[in-house]
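Structure file coords13.cif; described as mmCIF, C-alpha atoms.
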data_final
loop_
_atom_site.label_atom_id
_atom_site.label_comp_id
_atom_site.auth_asym_id
_atom_site.auth_seq_id
_atom_site.Cartn_x
_atom_site.Cartn_y
_atom_site.Cartn_z
CA MET A 5 0.00 147.18 111.10
CA LYS A 6 -3.34 145.37 111.09
CA ILE A 7 -4.78 145.10 107.60
CA GLY A 8 -8.31 143.88 106.90
CA VAL A 9 -9.18 142.50 103.48
CA VAL A 10 -12.50 142.18 101.64
CA ILE A 11 -12.96 139.97 98.58
CA SER A 12 -16.15 140.77 96.73
CA GLU A 13 -15.86 138.98 93.41
CA GLY A 14 -16.01 135.30 92.48
CA PRO A 15 -12.97 133.10 91.88
CA TYR A 16 -11.76 132.17 88.38
CA THR A 17 -14.14 134.64 86.67
CA HIS A 18 -12.34 137.60 88.18
CA GLN A 19 -8.76 138.19 89.30
CA ALA A 20 -9.82 139.73 92.64
CA ALA A 21 -9.35 136.62 94.79
CA ASP A 22 -5.89 136.05 93.24
CA THR A 23 -4.72 139.63 93.69
CA ALA A 24 -5.96 139.58 97.28
CA TYR A 25 -4.08 136.33 97.90
CA HIS A 26 -0.77 137.73 96.67
CA PHE A 27 -1.38 140.96 98.56
CA VAL A 28 -2.07 139.15 101.84
CA LYS A 29 1.00 136.94 101.39
CA ALA A 30 3.16 140.00 100.82
CA ALA A 31 1.65 141.81 103.83
CA LEU A 32 2.36 138.83 106.08
CA ALA A 33 5.89 138.51 104.68
CA LYS A 34 6.51 142.12 105.61
CA GLY A 35 5.46 141.43 109.18
CA HIS A 36 1.98 142.95 109.08
CA GLU A 37 -1.03 141.24 110.59
CA VAL A 38 -4.03 140.18 108.52
CA PRO A 39 -6.47 139.15 111.23
CA ARG A 40 -9.46 138.63 108.97
CA VAL A 41 -10.48 138.26 105.33
CA PHE A 42 -14.16 138.88 104.62
CA PHE A 43 -15.86 137.33 101.59
CA TYR A 44 -18.84 139.20 100.16
CA HIS A 45 -20.97 139.33 96.99
CA ASP A 46 -19.79 136.54 94.63
CA GLY A 47 -16.57 136.41 96.66
CA VAL A 48 -18.34 133.89 98.90
CA ASN A 49 -17.88 131.33 96.12
CA VAL A 50 -14.18 131.09 96.99
CA ALA A 51 -15.27 129.10 100.05
CA THR A 52 -16.78 126.09 98.33
CA ARG A 53 -14.80 122.89 98.83
CA LEU A 54 -16.53 121.34 95.81
CA SER A 55 -14.65 123.23 93.13
CA VAL A 56 -12.34 121.04 91.04
CA PRO A 57 -10.12 123.22 88.87
CA PRO A 58 -7.88 121.50 86.29
CA GLN A 59 -4.66 120.10 87.82
CA ASP A 60 -2.42 122.60 86.08
CA GLU A 61 -4.36 125.58 87.47
CA ARG A 62 -4.10 127.15 90.89
CA ASN A 63 -6.74 126.03 93.39
CA ILE A 64 -7.97 129.28 94.85
CA GLN A 65 -9.89 127.75 97.75
CA LYS A 66 -6.98 125.51 98.77
CA ASN A 67 -4.54 128.42 98.57
CA TRP A 68 -6.68 130.41 100.97
CA THR A 69 -7.29 127.49 103.33
CA GLU A 70 -3.55 126.84 103.57
CA LEU A 71 -2.59 130.48 104.00
CA ALA A 72 -5.22 130.99 106.69
CA LYS A 73 -4.11 127.89 108.54
CA GLU A 74 -0.47 128.89 108.49
CA HIS A 75 -1.11 132.45 109.68
CA GLY A 76 -4.28 132.12 111.73
CA ILE A 77 -6.41 134.28 109.44
CA ASP A 78 -10.11 134.37 110.31
CA MET A 79 -11.87 133.82 106.97
CA VAL A 80 -15.47 134.95 107.22
CA VAL A 81 -18.10 134.32 104.57
CA CYS A 82 -21.13 136.63 104.71
CA ILE A 83 -24.17 134.56 105.59
CA ALA A 84 -26.72 136.56 103.59
CA ALA A 85 -24.58 136.55 100.45
CA ALA A 86 -23.71 132.87 100.99
CA GLN A 87 -27.29 131.71 101.37
CA ARG A 88 -28.33 133.44 98.13
CA ARG A 89 -25.54 131.65 96.29
CA GLY A 90 -25.84 128.18 97.80
CA LEU A 91 -22.90 128.23 100.21
CA LEU A 92 -23.83 126.39 103.41
CA ASP A 93 -22.00 125.03 106.40
CA GLU A 94 -23.22 122.00 108.31
CA ASN A 95 -25.42 123.96 110.72
CA GLU A 96 -27.01 126.07 108.01
CA ALA A 97 -27.66 123.08 105.77
CA GLU A 98 -29.47 121.38 108.61
CA ARG A 99 -31.38 124.49 109.61
CA GLN A 100 -32.51 125.11 106.01
CA GLY A 101 -33.36 121.47 105.37
CA LYS A 102 -30.72 121.06 102.65
CA ASP A 103 -29.13 117.69 101.90
CA ALA A 104 -25.53 118.89 101.69
CA ASN A 105 -23.07 121.50 102.83
CA ASN A 106 -20.03 122.78 100.97
CA ILE A 107 -17.92 125.11 103.10
CA ALA A 108 -14.20 124.36 102.94
CA GLU A 109 -11.89 124.08 105.92
CA GLY A 110 -10.78 127.41 107.35
CA PHE A 111 -13.85 129.38 106.29
CA ARG A 112 -16.71 130.20 108.60
CA ILE A 113 -20.12 131.64 107.84
CA SER A 114 -21.15 134.66 109.86
CA GLY A 115 -22.91 137.98 109.64
CA LEU A 116 -22.06 141.30 108.04
CA GLY A 117 -21.28 142.63 111.49
CA GLN A 118 -17.92 140.89 111.11
CA LEU A 119 -17.12 143.20 108.20
CA ILE A 120 -17.91 146.33 110.20
CA GLU A 121 -16.00 144.96 113.19
CA MET A 122 -12.99 144.37 110.93
CA GLY A 123 -13.21 147.98 109.76
CA ILE A 124 -13.21 149.16 113.36
CA GLN A 125 -10.41 146.90 114.59
CA THR A 126 -7.90 147.14 111.75
CA ASP A 127 -5.63 150.05 110.76
CA ARG A 128 -6.30 149.69 107.04
CA LEU A 129 -8.98 148.02 104.99
CA VAL A 130 -8.38 146.95 101.39
CA MET A 131 -11.13 145.74 99.05
CA PHE A 132 -10.65 143.50 96.05
CA GLY A 133 -13.57 143.08 93.66
CA ASP A 134 -15.04 144.23 90.39
CA MET B 17 -8.17 157.12 119.64
CA SER B 18 -11.91 156.90 120.16
CA ASP B 19 -13.85 153.78 119.25
CA THR B 20 -15.90 155.67 116.72
CA LYS B 21 -14.62 155.62 113.18
CA LYS B 22 -15.85 157.45 110.14
CA PHE B 23 -17.26 154.94 107.66
CA LEU B 24 -18.12 155.92 104.10
CA TYR B 25 -20.10 153.62 101.82
CA VAL B 26 -19.30 154.56 98.24
CA ASN B 27 -22.00 153.66 95.73
CA ARG B 28 -20.98 153.95 92.08
CA LYS B 29 -23.21 151.36 90.45
CA ALA B 30 -26.77 151.44 89.20
CA PRO B 31 -29.40 149.24 90.87
CA TYR B 32 -30.83 145.92 89.54
CA GLY B 33 -28.35 145.24 86.70
CA THR B 34 -26.04 143.88 89.38
CA ILE B 35 -26.53 143.10 93.06
CA TYR B 36 -23.95 145.54 94.44
CA ALA B 37 -26.41 148.30 95.33
CA LEU B 38 -28.70 145.98 97.27
CA GLU B 39 -25.88 144.22 99.11
CA SER B 40 -24.33 147.61 99.93
CA LEU B 41 -27.58 148.66 101.56
CA GLU B 42 -27.57 145.45 103.58
CA VAL B 43 -24.14 146.33 104.98
CA VAL B 44 -25.35 149.83 105.85
CA LEU B 45 -28.35 148.45 107.76
CA ILE B 46 -26.26 145.95 109.73
CA GLY B 47 -23.47 148.47 110.24
CA ALA B 48 -25.89 150.96 111.81
CA ALA B 49 -25.97 148.82 114.98
CA PHE B 50 -22.26 149.51 115.55
CA GLU B 51 -22.81 153.21 116.25
CA GLN B 52 -20.06 154.46 114.00
CA ASP B 53 -20.07 157.77 112.15
CA VAL B 54 -21.67 156.63 108.91
CA ALA B 55 -22.19 158.39 105.59
CA LEU B 56 -23.16 157.23 102.12
CA ALA B 57 -21.75 158.63 98.90
CA PHE B 58 -23.56 158.37 95.58
CA LEU B 59 -21.56 159.20 92.48
CA ASP B 60 -21.24 158.05 88.89
CA ASP B 61 -24.01 155.51 88.15
CA GLY B 62 -24.65 155.21 91.89
CA VAL B 63 -26.94 158.26 91.66
CA PHE B 64 -29.41 156.09 89.73
CA GLN B 65 -30.04 154.14 92.96
CA LEU B 66 -31.95 157.09 94.41
CA THR B 67 -34.35 157.90 91.57
CA LYS B 68 -38.04 158.00 92.34
CA GLY B 69 -40.65 155.88 90.64
CA GLN B 70 -38.72 152.60 90.56
CA ASP B 71 -41.12 149.73 89.78
CA THR B 72 -39.50 146.33 89.52
CA ALA B 73 -42.67 144.24 89.17
CA GLY B 74 -41.87 143.52 85.54
CA ILE B 75 -38.38 142.18 86.18
CA GLY B 76 -39.31 140.03 89.17
CA VAL B 77 -36.69 141.58 91.44
CA LYS B 78 -37.34 143.15 94.83
CA ASN B 79 -37.61 146.96 94.72
CA PHE B 80 -35.28 148.04 97.49
CA SER B 81 -35.47 151.79 96.85
CA PRO B 82 -38.03 152.38 99.69
CA THR B 83 -35.38 151.10 102.12
CA PHE B 84 -33.39 154.31 101.60
CA ARG B 85 -36.29 156.19 103.21
CA ALA B 86 -35.98 154.01 106.33
CA LEU B 87 -32.29 154.82 106.87
CA GLY B 88 -33.16 157.79 109.09
CA ASP B 89 -34.63 155.37 111.63
CA TYR B 90 -31.20 153.76 111.81
CA ASP B 91 -29.48 157.12 112.40
CA VAL B 92 -28.03 157.03 108.92
CA ASN B 93 -28.82 160.50 107.63
CA LYS B 94 -25.86 161.66 105.56
CA LEU B 95 -26.46 160.71 101.95
CA TYR B 96 -24.05 162.72 99.81
CA VAL B 97 -25.01 162.88 96.13
CA GLU B 98 -22.60 164.32 93.61
CA ARG B 99 -24.01 167.14 91.52
CA GLU B 100 -21.76 166.54 88.51
CA SER B 101 -22.76 162.86 88.39
CA LEU B 102 -26.44 163.89 88.33
CA GLU B 103 -25.87 166.50 85.62
CA GLU B 104 -23.83 164.15 83.42
CA ARG B 105 -26.80 161.78 83.47
CA GLY B 106 -29.42 164.43 82.75
CA LEU B 107 -30.80 164.26 86.29
CA THR B 108 -31.59 166.92 88.87
CA GLU B 109 -32.36 166.67 92.57
CA ASP B 110 -36.07 166.59 91.63
CA ASP B 111 -35.57 163.17 90.04
CA LEU B 112 -34.48 161.71 93.38
CA GLN B 113 -36.84 160.42 96.02
CA GLU B 114 -37.33 162.50 99.12
CA ILE B 115 -35.46 160.99 102.06
CA MET B 116 -36.03 162.59 105.46
CA TYR B 117 -34.82 162.03 109.00
CA GLU B 118 -35.83 163.41 112.37
CA ASP B 119 -33.05 165.42 113.99
CA GLU B 120 -32.94 164.42 117.64
CA ASP B 121 -30.70 167.41 118.42
CA ASP B 122 -33.26 169.82 116.97
CA ASP B 123 -36.54 168.79 118.62
CA TRP B 124 -37.03 165.98 116.08
CA ALA B 125 -37.41 168.40 113.20
CA GLU B 126 -37.75 166.66 109.83
CA LYS B 127 -34.73 167.31 107.64
CA PRO B 128 -33.57 165.99 104.26
CA SER B 129 -30.92 163.26 104.37
CA ILE B 130 -29.79 163.88 100.80
CA ARG B 131 -27.11 166.52 100.50
CA ILE B 132 -26.09 167.50 97.00
CA VAL B 133 -22.36 168.18 96.91
CA SER B 134 -19.90 169.17 94.21
CA ARG B 135 -17.21 166.80 92.97
CA ALA B 136 -14.58 168.75 94.90
CA GLU B 137 -16.67 168.51 98.07
CA MET B 138 -17.12 164.78 97.49
CA ALA B 139 -13.34 164.38 97.22
CA GLU B 140 -13.00 166.22 100.50
CA ILE B 141 -15.60 164.01 102.19
CA MET B 142 -13.75 160.91 100.98
CA ALA B 143 -10.48 162.26 102.34
CA GLU B 144 -11.96 162.66 105.84
CA GLN B 145 -12.84 158.98 106.30
CA ASP B 146 -11.26 156.24 108.35
CA VAL B 147 -12.84 153.36 106.42
CA ILE B 148 -14.13 153.40 102.85
CA LEU B 149 -16.28 150.53 101.61
CA SER B 150 -16.91 150.51 97.87
CA PHE B 151 -19.84 148.87 96.16
CA MET C 19 -3.29 162.81 105.41
CA SER C 20 -3.53 161.07 102.06
CA THR C 21 -5.31 158.25 100.31
CA LEU C 22 -4.18 155.30 98.22
CA HIS C 23 -6.68 154.67 95.43
CA THR C 24 -6.72 151.40 93.54
CA VAL C 25 -8.23 151.02 90.06
CA ASN C 26 -8.64 147.60 88.48
CA LYS C 27 -10.45 148.35 85.24
CA SER C 28 -9.25 149.37 81.81
CA PRO C 29 -10.10 153.02 81.08
CA PHE C 30 -11.15 151.89 77.61
CA GLU C 31 -13.97 149.89 79.19
CA THR C 32 -15.19 152.09 82.06
CA GLN C 33 -14.87 155.65 83.35
CA THR C 34 -13.55 154.38 86.69
CA LEU C 35 -9.96 155.60 86.29
CA LEU C 36 -11.06 159.09 85.26
CA SER C 37 -13.63 159.22 88.06
CA CYS C 38 -10.94 158.16 90.53
CA LEU C 39 -8.46 160.78 89.26
CA ASN C 40 -11.16 163.44 89.42
CA HIS C 41 -11.63 162.69 93.13
CA CYS C 42 -7.95 162.59 94.06
CA ARG C 43 -6.33 165.25 96.16
CA GLU C 44 -2.79 166.54 96.07
CA GLY C 45 -0.49 163.95 97.64
CA ASP C 46 -2.73 160.97 96.94
CA ALA C 47 -1.49 157.88 95.12
CA VAL C 48 -3.26 155.81 92.48
CA LEU C 49 -2.23 152.19 91.98
CA LEU C 50 -3.36 150.52 88.76
CA ILE C 51 -3.89 146.78 89.19
CA GLU C 52 -5.35 143.95 87.12
CA ASP C 53 -6.91 145.40 83.91
CA GLY C 54 -6.40 148.83 85.41
CA ILE C 55 -2.78 148.78 84.23
CA TYR C 56 -3.91 149.58 80.68
CA GLY C 57 -4.58 153.07 82.00
CA GLY C 58 -0.82 153.54 82.40
CA ILE C 59 0.07 153.12 78.72
CA GLU C 60 1.83 155.90 76.81
CA GLY C 61 0.60 156.88 73.37
CA SER C 62 -3.00 155.75 73.79
CA ALA C 63 -6.09 157.83 73.07
CA LEU C 64 -6.40 158.41 76.82
CA SER C 65 -2.75 159.01 77.78
CA GLU C 66 -2.99 162.79 77.70
CA ILE C 67 -6.17 162.99 79.75
CA VAL C 68 -4.76 160.53 82.29
CA LYS C 69 -1.60 162.64 82.63
CA GLU C 70 -3.60 165.86 82.98
CA SER C 71 -6.02 164.42 85.50
CA ALA C 72 -3.20 162.92 87.54
CA ALA C 73 -1.43 166.24 88.23
CA GLY C 74 -0.29 166.27 91.85
CA VAL C 75 -0.98 162.54 92.20
CA SER C 76 1.56 159.70 92.22
CA LEU C 77 0.74 156.98 89.68
CA TYR C 78 1.80 153.36 90.19
CA VAL C 79 1.23 150.09 88.36
CA LEU C 80 1.46 146.59 89.78
CA ASN C 81 4.46 145.04 87.97
CA GLU C 82 3.11 141.50 88.03
CA ASP C 83 -0.07 142.59 86.23
CA VAL C 84 1.92 144.53 83.63
CA LYS C 85 4.17 141.54 82.95
CA ALA C 86 1.24 139.10 82.81
CA ARG C 87 -0.36 141.17 80.08
CA GLY C 88 2.76 141.40 77.94
CA ILE C 89 3.09 145.15 78.29
CA ASP C 90 6.70 146.27 77.99
CA PRO C 91 7.41 148.61 80.95
CA GLY C 92 9.03 150.95 78.41
CA ARG C 93 5.57 151.63 76.99
CA LEU C 94 4.22 153.00 80.26
CA LEU C 95 3.80 156.71 80.94
CA GLY C 96 6.92 158.35 82.29
CA GLU C 97 4.87 159.46 85.29
CA VAL C 98 4.14 155.86 86.29
CA SER C 99 6.27 153.86 88.76
CA GLY C 100 6.14 150.09 89.04
CA VAL C 101 5.66 148.27 92.34
CA ASP C 102 5.43 144.58 93.23
CA TYR C 103 2.96 143.13 95.76
CA GLU C 104 5.22 144.16 98.64
CA GLY C 105 5.29 147.67 97.22
CA PHE C 106 1.48 147.54 97.11
CA VAL C 107 1.51 146.72 100.84
CA ASP C 108 3.88 149.65 101.49
CA LEU C 109 1.56 152.02 99.63
CA VAL C 110 -1.35 150.81 101.77
CA THR C 111 0.52 151.43 105.02
CA GLN C 112 2.06 154.74 103.88
CA HIS C 113 -1.33 156.31 103.18
CA ASP C 114 -4.02 156.90 105.76
CA ARG C 115 -6.72 154.96 103.97
CA THR C 116 -7.27 152.86 100.89
CA GLN C 117 -10.14 153.47 98.52
CA SER C 118 -10.81 150.73 96.00
CA TRP C 119 -12.57 152.04 92.93
CA LEU C 120 -14.58 148.91 92.21
#
Just give me the structure of the file as structure tokens.
Amino acid sequence: MKIGVVISEGPYTHQAADTAYHFVKAALAKGHEVPRVFFYHDGVNVATRLSVPPQDERNIQKNWTELAKEHGIDMVVCIAAAQRRGLLDENEAERQGKDANNIAEGFRISGLGQLIEMGIQTDRLVMFGD
Amino acid sequence: MSDTKKFLYVNRKAPYGTIYALESLEVVLIGAAFEQDVALAFLDDGVFQLTKGQDTAGIGVKNFSPTFRALGDYDVNKLYVERESLEERGLTEDDLQEIMYEDEDDDWAEKPSIRIVSRAEMAEIMAEQDVILSF
Amino acid sequence: MSTLHTVNKSPFETQTLLSCLNHCREGDAVLLIEDGIYGGIEGSALSEIVKESAAGVSLYVLNEDVKARGIDPGRLLGEVSGVDYEGFVDLVTQHDRTQSWL
């Protein structure tokens, strides 16, 4: 089955991004497809490559980047939510005249249409948030 | 299976205290371009999103409540509001803003988009959906 | 046709669990995750109302969240079954849709 996932709460503050991670791993292990994970609201903060959690803690961004790479998951960060919260890729940083970008490998910034499209193209949609 | 799915946006949070209501509305507006069968549900504190007379000048936050009145132009005209949620909060339909749409199948007659439904009816509406997005 | 509902908040903090149960239909399932698992405890001030509201509904808790919070599975309501993350996935695929009560 194709399962779409939405993460709508920030990392570390809330368990949502962790629960979603374990859920997606389990879904893949059972042979399901997870074609896309969509990050919305404060969930976009998972995508920053500038977070430096203590060494003995899980690194939520790295976990997602690795999982997505291994299984070809399309990780989409909502552009409107990302811009509000200071998440920029190279193109956006340049377009907005900012001096840095911070999107980690494996994530891409795109529109909310990708969320709707995921709802249309998957068999199930599961949201993790607050 | 047809390409059209039934999408329900479930709104259970009050506006302004958190961003969920506003960012939900942004999804609805973008989603309208995909020509799916869209409906919005307002229950629990979500009913506070639709009250009239919102004035956010004093808190320095954009008042997005007028946007609900524009939804009809995007062919989003099913706004289900739960009666029990209103009553529990001391509200009636008169406390909500008037939201109208023009029915293209009925010579563009103006009709109300807000439909007050019971909790049992709301449960039924939820159970008819293909995709449920919660905010 | 049935729905899997997920609830991730303690019923002692918000009304979410009760609202969810009040919108369930016969044959639906409710999975308690994260802080939602506290809604599955026996002998609390809310146990009776949770049991009453959940008539006709299958109640589940996510085992990993129960264990993380130091709740002995023996203290959960008799009506509640435990699932792991793979069981969570099965519940998602076995029901026609998932509604997250965020």
Considering all atoms listed in the file, tabulate each residue of chain A that lies at most 10 Å from chain B along with its nearest interatomic pair and the corresponding distance in Å to one decimal; arrange the rows by chain and ascending residue number and present them as JSON lines.
{"residue": "A:Val10", "atom": "CA", "partner": "B:Leu149", "partner_atom": "CA", "distance": 9.2}
{"residue": "A:Ser12", "atom": "CA", "partner": "B:Phe151", "partner_atom": "CA", "distance": 8.9}
{"residue": "A:Tyr44", "atom": "CA", "partner": "B:Glu39", "partner_atom": "CA", "distance": 8.7}
{"residue": "A:His45", "atom": "CA", "partner": "B:Glu39", "partner_atom": "CA", "distance": 7.2}
{"residue": "A:Asp46", "atom": "CA", "partner": "B:Ile35", "partner_atom": "CA", "distance": 9.5}
{"residue": "A:Ala84", "atom": "CA", "partner": "B:Glu39", "partner_atom": "CA", "distance": 8.9}
{"residue": "A:Ala85", "atom": "CA", "partner": "B:Glu39", "partner_atom": "CA", "distance": 7.9}
{"residue": "A:Gly115", "atom": "CA", "partner": "B:Ile46", "partner_atom": "CA", "distance": 8.6}
{"residue": "A:Leu116", "atom": "CA", "partner": "B:Val43", "partner_atom": "CA", "distance": 6.2}
{"residue": "A:Gly117", "atom": "CA", "partner": "B:Ile46", "partner_atom": "CA", "distance": 6.2}
{"residue": "A:Gln118", "atom": "CA", "partner": "B:Gly47", "partner_atom": "CA", "distance": 9.4}
{"residue": "A:Leu119", "atom": "CA", "partner": "B:Val43", "partner_atom": "CA", "distance": 8.3}
{"residue": "A:Ile120", "atom": "CA", "partner": "B:Gly47", "partner_atom": "CA", "distance": 6.0}
{"residue": "A:Glu121", "atom": "CA", "partner": "B:Phe50", "partner_atom": "CA", "distance": 8.1}
{"residue": "A:Gly123", "atom": "CA", "partner": "B:Val147", "partner_atom": "CA", "distance": 6.3}
{"residue": "A:Ile124", "atom": "CA", "partner": "B:Lys21", "partner_atom": "CA", "distance": 6.6}
{"residue": "A:Gln125", "atom": "CA", "partner": "B:Asp19", "partner_atom": "CA", "distance": 9.0}
{"residue": "A:Thr126", "atom": "CA", "partner": "B:Val147", "partner_atom": "CA", "distance": 9.6}
{"residue": "A:Asp127", "atom": "CA", "partner": "B:Asp146", "partner_atom": "CA", "distance": 8.7}
{"residue": "A:Arg128", "atom": "CA", "partner": "B:Val147", "partner_atom": "CA", "distance": 7.5}
{"residue": "A:Leu129", "atom": "CA", "partner": "B:Val147", "partner_atom": "CA", "distance": 6.7}
{"residue": "A:Val130", "atom": "CA", "partner": "B:Leu149", "partner_atom": "CA", "distance": 8.7}
{"residue": "A:Met131", "atom": "CA", "partner": "B:Leu149", "partner_atom": "CA", "distance": 7.5}
{"residue": "A:Phe132", "atom": "CA", "partner": "B:Ser150", "partner_atom": "CA", "distance": 9.6}
{"residue": "A:Gly133", "atom": "CA", "partner": "B:Phe151", "partner_atom": "CA", "distance": 8.9}
{"residue": "A:Asp134", "atom": "CA", "partner": "B:Phe151", "partner_atom": "CA", "distance": 8.8}
What would the selection look like, as an mmCIF file with C-alpha atoms, keeping the file's coordinate frame, if the PyMOL selection byres ((chain C and resi 55) around 10) were run on the coordinates I just shared?
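The resulting file, expr-v2.cif, is shown below:
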data_model
loop_
_atom_site.group_PDB
_atom_site.id
_atom_site.type_symbol
_atom_site.label_atom_id
_atom_site.label_comp_id
_atom_site.auth_asym_id
_atom_site.auth_seq_id
_atom_site.Cartn_x
_atom_site.Cartn_y
_atom_site.Cartn_z
ATOM 1 C CA VAL C 25 -8.230 151.020 90.060
ATOM 2 C CA ASN C 26 -8.640 147.600 88.480
ATOM 3 C CA LYS C 27 -10.450 148.350 85.240
ATOM 4 C CA SER C 28 -9.250 149.370 81.810
ATOM 5 C CA PRO C 29 -10.100 153.020 81.080
ATOM 6 C CA LEU C 49 -2.230 152.190 91.980
ATOM 7 C CA LEU C 50 -3.360 150.520 88.760
ATOM 8 C CA ILE C 51 -3.890 146.780 89.190
ATOM 9 C CA GLU C 52 -5.350 143.950 87.120
ATOM 10 C CA ASP C 53 -6.910 145.400 83.910
ATOM 11 C CA GLY C 54 -6.400 148.830 85.410
ATOM 12 C CA TYR C 56 -3.910 149.580 80.680
ATOM 13 C CA GLY C 57 -4.580 153.070 82.000
ATOM 14 C CA GLY C 58 -0.820 153.540 82.400
ATOM 15 C CA ILE C 59 0.070 153.120 78.720
ATOM 16 C CA TYR C 78 1.800 153.360 90.190
ATOM 17 C CA VAL C 79 1.230 150.090 88.360
ATOM 18 C CA LEU C 80 1.460 146.590 89.780
ATOM 19 C CA ASN C 81 4.460 145.040 87.970
ATOM 20 C CA ASP C 83 -0.070 142.590 86.230
ATOM 21 C CA VAL C 84 1.920 144.530 83.630
ATOM 22 C CA ARG C 87 -0.360 141.170 80.080
ATOM 23 C CA ILE C 89 3.090 145.150 78.290
ATOM 24 C CA LEU C 94 4.220 153.000 80.260
#
With 7 Å as the limit and counting only C-alpha atoms, what residues in chain C lie close to chain B? Please list them as a short mmCIF file (atom, residue, chain, number, x, y, z; two decimals) with C-alpha atoms, keeping the file's coordinate frame.
data_model
loop_
_atom_site.label_atom_id
_atom_site.label_comp_id
_atom_site.auth_asym_id
_atom_site.auth_seq_id
_atom_site.Cartn_x
_atom_site.Cartn_y
_atom_site.Cartn_z
CA THR C 21 -5.31 158.25 100.31
CA HIS C 41 -11.63 162.69 93.13
CA CYS C 42 -7.95 162.59 94.06
CA ARG C 115 -6.72 154.96 103.97
CA GLN C 117 -10.14 153.47 98.52
CA SER C 118 -10.81 150.73 96.00
CA TRP C 119 -12.57 152.04 92.93
CA LEU C 120 -14.58 148.91 92.21
#
Would you pick out the contacts of Val97 (chain B) at 10 Å or less, using only C-alpha atoms, so that residues sharing its chain but fewer than 5 positions from it are not included, and give the list as a PDB file with C-alpha atoms, in the coordinates of the input?
ATOM      1  CA  ASN B  27     -22.000 153.660  95.730  1.00  0.00           C
ATOM      2  CA  LEU B  56     -23.160 157.230 102.120  1.00  0.00           C
ATOM      3  CA  ALA B  57     -21.750 158.630  98.900  1.00  0.00           C
ATOM      4  CA  PHE B  58     -23.560 158.370  95.580  1.00  0.00           C
ATOM      5  CA  LEU B  59     -21.560 159.200  92.480  1.00  0.00           C
ATOM      6  CA  ASP B  60     -21.240 158.050  88.890  1.00  0.00           C
ATOM      7  CA  GLY B  62     -24.650 155.210  91.890  1.00  0.00           C
ATOM      8  CA  VAL B  63     -26.940 158.260  91.660  1.00  0.00           C
ATOM      9  CA  LEU B  66     -31.950 157.090  94.410  1.00  0.00           C
ATOM     10  CA  LEU B 102     -26.440 163.890  88.330  1.00  0.00           C
ATOM     11  CA  GLU B 109     -32.360 166.670  92.570  1.00  0.00           C
ATOM     12  CA  LEU B 112     -34.480 161.710  93.380  1.00  0.00           C
ATOM     13  CA  ILE B 130     -29.790 163.880 100.800  1.00  0.00           C
ATOM     14  CA  ARG B 131     -27.110 166.520 100.500  1.00  0.00           C
ATOM     15  CA  ILE B 132     -26.090 167.500  97.000  1.00  0.00           C
ATOM     16  CA  VAL B 133     -22.360 168.180  96.910  1.00  0.00           C
ATOM     17  CA  SER B 134     -19.900 169.170  94.210  1.00  0.00           C
ATOM     18  CA  ARG B 135     -17.210 166.800  92.970  1.00  0.00           C
ATOM     19  CA  MET B 138     -17.120 164.780  97.490  1.00  0.00           C
TER      20      MET B 138
END
Check your understanding: Which neighbours of Asn67 (chain A) fall inside 12 Å, counting all atoms listed in the file, when residues of the same chain fewer than 3 positions from it are skipped, and could you give them as a VMD selection string?
Key -> chain A and resid 15 21 to 22 24 to 26 28 to 29 50 to 51 53 61 to 64 70 to 74 108 to 110
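Counting all atoms listed in the file and comparing A:Gly14, A:Gly76, A:Gly35, A:Pro57, the residue that lies closest to chain C is A:Gly35.
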Review point. What does the distance from CA of Met5 (chain A) to CA of Gln112 (chain C) come to in Å, to one decimal?
Key: 10.7 Å
Check your understanding: Leaving out Gly69 (chain B) and any residue of its chain fewer than 6 positions from it, which residues lie within 10 Å of it when counting only C-alpha atoms, given as a list in words?
Key ->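 Those residues are Ser81, Asp111, Leu112 and Gln113 of chain B.
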With 6 Å on each side, where is the centre of the axis-aligned box around all listed atoms of region 115-130 of chain A, and how long are its edges in Å to one decimal, as JSON?
{"center_x": -14.3, "center_y": 144.0, "center_z": 108.0, "size_x": 29.3, "size_y": 24.1, "size_z": 25.2}
Exercise for review: List every protein, DNA or RNA residue that has an atom no more than 8 Å from (-34.2, 160.4, 104.6) in the file's coordinate frame, counting only C-alpha atoms, and report them as an MDAnalysis selection string.
Suggested key: chainID B and resid 84:88 93 114:117 127:130
